[in-house]
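K.L.:
Have a look at this one.
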Amino acid sequence: MRRLSFADLLALGSLGIRTRRLRAALSALGIALGIATVVVVTGIPASSQQALLDELTALGTNLLRVQPAPRQDDPVLLPESSVAMVRRIGPVTTAAAVANTHARVRRNDLLDPGHSSDLTVLATTPGLLDVVNGHVRSGEFLPRPDFPSVVLGHVAASRLGIRDVGEHPAVFVGEHWFTVVGVLGPMPLAPDVERSVLVGWEAARTQLGFDGHPTVVYVKAREEAIEDVRAVLPATLHGEVPGLVQVSRPSDALAAKRATENSYSALFLGLAGVALLVGGVGVANTMVISVLERRSEIGLRRALGATRGHIRAQFLTEAVLLSGLGGLAGTALGALGVAGYATWHRWPLVLPLPVLAAGVLAAFAVGAAAGLYPSIRAARLTPTQALSV
């Protein structure tokens with residue numbers, strides 16, 4: 001028995017598709033709609049979910065705040081190397097510290113030294129904005145920590161009457177002039193920083209007599225380990241009496257984010273499965289009708305020496321090709337739909353590659369299943385049965 005080559009098998013399998021293009025297109029459309037539904041009902045919720053997760057992350061789901069416990073007659077001093085100590089904790093991604101210098105800030109040196117603007121002068125380590133999701137609205141953030149310069153929080157800038165740093169204004173901090181090099185935007189995660197004047201760590205030491213002990217340490221860690229990091233922070237920063245160090249609890253947004261990540265739309269997947277099943281039934285129906293219409297072709301090929309295996313392979317290949325083309329078209333259509341919808345809503349585009357690959361493979365599998373019975377039925381026809389019609 002002569003075996004069909006792969007090229008011959010493809011040529012025979014595509015014969016029905018090439019000669020009956022409209023019917024093939026309508027049959028493939030069912031599979032295409034099913035696969036497009038699979039892509040859309042997974043891609044759109046995934047894009048929406050990612051947009052929500054990004055919003056929740058911006059609320060500080062992985063942020064912790066460490067400070068001495070309140071209501072102490074003699075509050076503990078956090079180590080000068082607190083930031084370095086915290087960064088050695090495995091799941092910690094970044095950390096920064098601020099410290100109250102207890103200095104007063106005035107718009108100029110002519111004001112009464114006892115004048116209070118209700119603003120705090122904080123020494124800060126580099127990287128603070130990365131930890132608290134802050135941004136500079138005007139200027140830059142302390143390019144030289146040892147230089148007498150300050151960055152104003154959003155509220156502090158408003159109270160001091162400084163909107164931007166175009167003319168390089170200065171403020172009087174303690175007994176020294178400091179150049180204003182930046183103004184921060186709103187910082188919902190650190191409202192105390194909004195009402196503060198930030199000074200470089202080394203400049204605070206040399207100009208303001210700062211002792212180097214931080215009062216608040218901000219810590220970012222991997223979300224899945226945030227509770228473990230929170231548990232070890234007190235002992236890390238004050239091993240003698242960990243209870244004297246207070247660590248904020250994880251944000252409520254973290255619980256919401258985890259609930260969002262764990263939720264999955266089974267209803268949408270069920271609808272996609274139904275659509276795919278309907279497409280498969282359409283392909284099977286098309287192939288059965290094709291066998292009935294092409295009995296004379298089958299009989300002629302059998303009379304010329306084609307075996308049952310040849311006939312079975314031809315019709316099975318045709319069904320797989322038909323579904324595969326529909327699957328590829330449906331995947332492209334679904335991806336375009338998700339991209340358009342995500343762009344319209346200004347969401348990040350998320351197209352799960354496993355879903356795309358599974359959609360195409362599912363189309364081939366449905367085609368194989370749908371073409372199995374028609375191919376077996378065609379192969380069972382004897383030459384006399386097929387040519388007697």
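Ordered as shown in the structure tokens, chains take letters A, B, and onward, while each chain numbers its residues from 1 and ligands are numbered from 1 in the order shown.
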Run DSSP on the backbone of this structure and report the residues of range 35-181 of chain A it assigns to alpha helix (DSSP H), as a VMD selection string.
P.N.:
chain A and resid 35 to 58 82 to 87 128 to 131 154 to 160
K.L.:
If we count only C-alpha atoms, what is near Pro143 in chain A at a cut-off of 12 Å, once residues fewer than 3 positions away on the same chain are taken out, given as a list in words?
P.N.:
Thr125, Pro126, Gly127, Gly139, Glu140, Asp146, Phe147, Pro148, Ser149, Val150, Val151, Thr179, Val180, Val181, Gly182, Val199, Gly200, Trp201 and Ala203 of chain A
K.L.:
With C-alpha atoms kept, could you save the residues just selected as a PDB file, in the first residue's frame?
P.N.:
ATOM      1  CA  THR A 125      17.953  59.094  52.935  1.00  0.00           C
ATOM      2  CA  PRO A 126      18.121  58.723  49.141  1.00  0.00           C
ATOM      3  CA  GLY A 127      15.400  56.647  47.544  1.00  0.00           C
ATOM      4  CA  GLY A 139      12.807  70.660  40.221  1.00  0.00           C
ATOM      5  CA  GLU A 140      14.684  67.591  41.452  1.00  0.00           C
ATOM      6  CA  ASP A 146      25.534  66.932  51.734  1.00  0.00           C
ATOM      7  CA  PHE A 147      24.578  70.254  50.129  1.00  0.00           C
ATOM      8  CA  PRO A 148      22.402  72.801  52.044  1.00  0.00           C
ATOM      9  CA  SER A 149      19.317  72.282  49.907  1.00  0.00           C
ATOM     10  CA  VAL A 150      15.740  71.256  50.641  1.00  0.00           C
ATOM     11  CA  VAL A 151      12.777  69.685  48.895  1.00  0.00           C
ATOM     12  CA  THR A 179      18.178  76.434  48.585  1.00  0.00           C
ATOM     13  CA  VAL A 180      14.855  74.970  47.493  1.00  0.00           C
ATOM     14  CA  VAL A 181      15.693  72.498  44.710  1.00  0.00           C
ATOM     15  CA  GLY A 182      12.383  70.677  44.402  1.00  0.00           C
ATOM     16  CA  VAL A 199      16.890  67.858  53.961  1.00  0.00           C
ATOM     17  CA  GLY A 200      19.698  65.559  52.842  1.00  0.00           C
ATOM     18  CA  TRP A 201      20.971  63.175  55.540  1.00  0.00           C
ATOM     19  CA  ALA A 203      23.451  68.150  55.297  1.00  0.00           C
TER      20      ALA A 203
END
K.L.:
Please determine, counting only C-alpha atoms, which residue among A:Thr206, A:Asn62, A:Gln50, A:Thr343 has the shortest atom-to-atom distance to Val132 in chain A.
P.N.:
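Nearest to Val132 in chain A: A:Asn62.
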K.L.:
Would you mind writing down, as a ChimeraX atom specification, each residue of range 131-258 of chain A that DSSP on the backbone assigns to strand (DSSP E)?
P.N.:
/A:136-139,149-152,170-173,176-184,196-200,216-221,245-247
K.L.:
Just the selected residues (C-alpha atoms), exported as a compact mmCIF listing (two decimals), in the first residue's frame, please.
P.N.:
# COMPACT_ATOMS: atom_id res chain seq x y z
CA VAL A 136 8.77 65.59 42.08
CA ARG A 137 6.35 68.16 40.68
CA SER A 138 9.01 70.80 40.09
CA GLY A 139 12.81 70.66 40.22
CA SER A 149 19.32 72.28 49.91
CA VAL A 150 15.74 71.26 50.64
CA VAL A 151 12.78 69.68 48.90
CA LEU A 152 9.33 70.86 49.96
CA ALA A 170 15.67 79.80 49.62
CA VAL A 171 14.27 79.18 53.09
CA PHE A 172 15.83 79.70 56.49
CA VAL A 173 16.17 76.41 58.38
CA HIS A 176 21.20 78.51 57.88
CA TRP A 177 19.91 79.33 54.42
CA PHE A 178 18.88 76.34 52.32
CA THR A 179 18.18 76.43 48.58
CA VAL A 180 14.86 74.97 47.49
CA VAL A 181 15.69 72.50 44.71
CA GLY A 182 12.38 70.68 44.40
CA VAL A 183 8.68 70.63 45.19
CA LEU A 184 6.87 67.31 45.58
CA SER A 196 7.55 68.51 55.72
CA VAL A 197 10.71 70.16 54.50
CA LEU A 198 13.17 67.45 53.42
CA VAL A 199 16.89 67.86 53.96
CA GLY A 200 19.70 65.56 52.84
CA VAL A 216 10.60 56.43 60.69
CA VAL A 217 11.82 53.69 58.35
CA TYR A 218 9.74 52.96 55.24
CA VAL A 219 10.07 49.41 53.90
CA LYS A 220 8.91 47.84 50.67
CA ALA A 221 8.86 44.04 50.42
CA VAL A 245 9.36 49.09 67.93
CA GLN A 246 6.03 49.51 66.16
CA VAL A 247 5.40 48.25 62.63
K.L.:
Report, in Å with one decimal, the straight-line distance from CA of Arg230 in chain A to CA of Pro91 in chain A.
P.N.:
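One can read the CA of Arg230 in chain A to CA of Pro91 in chain A distance as 10.7 Å.
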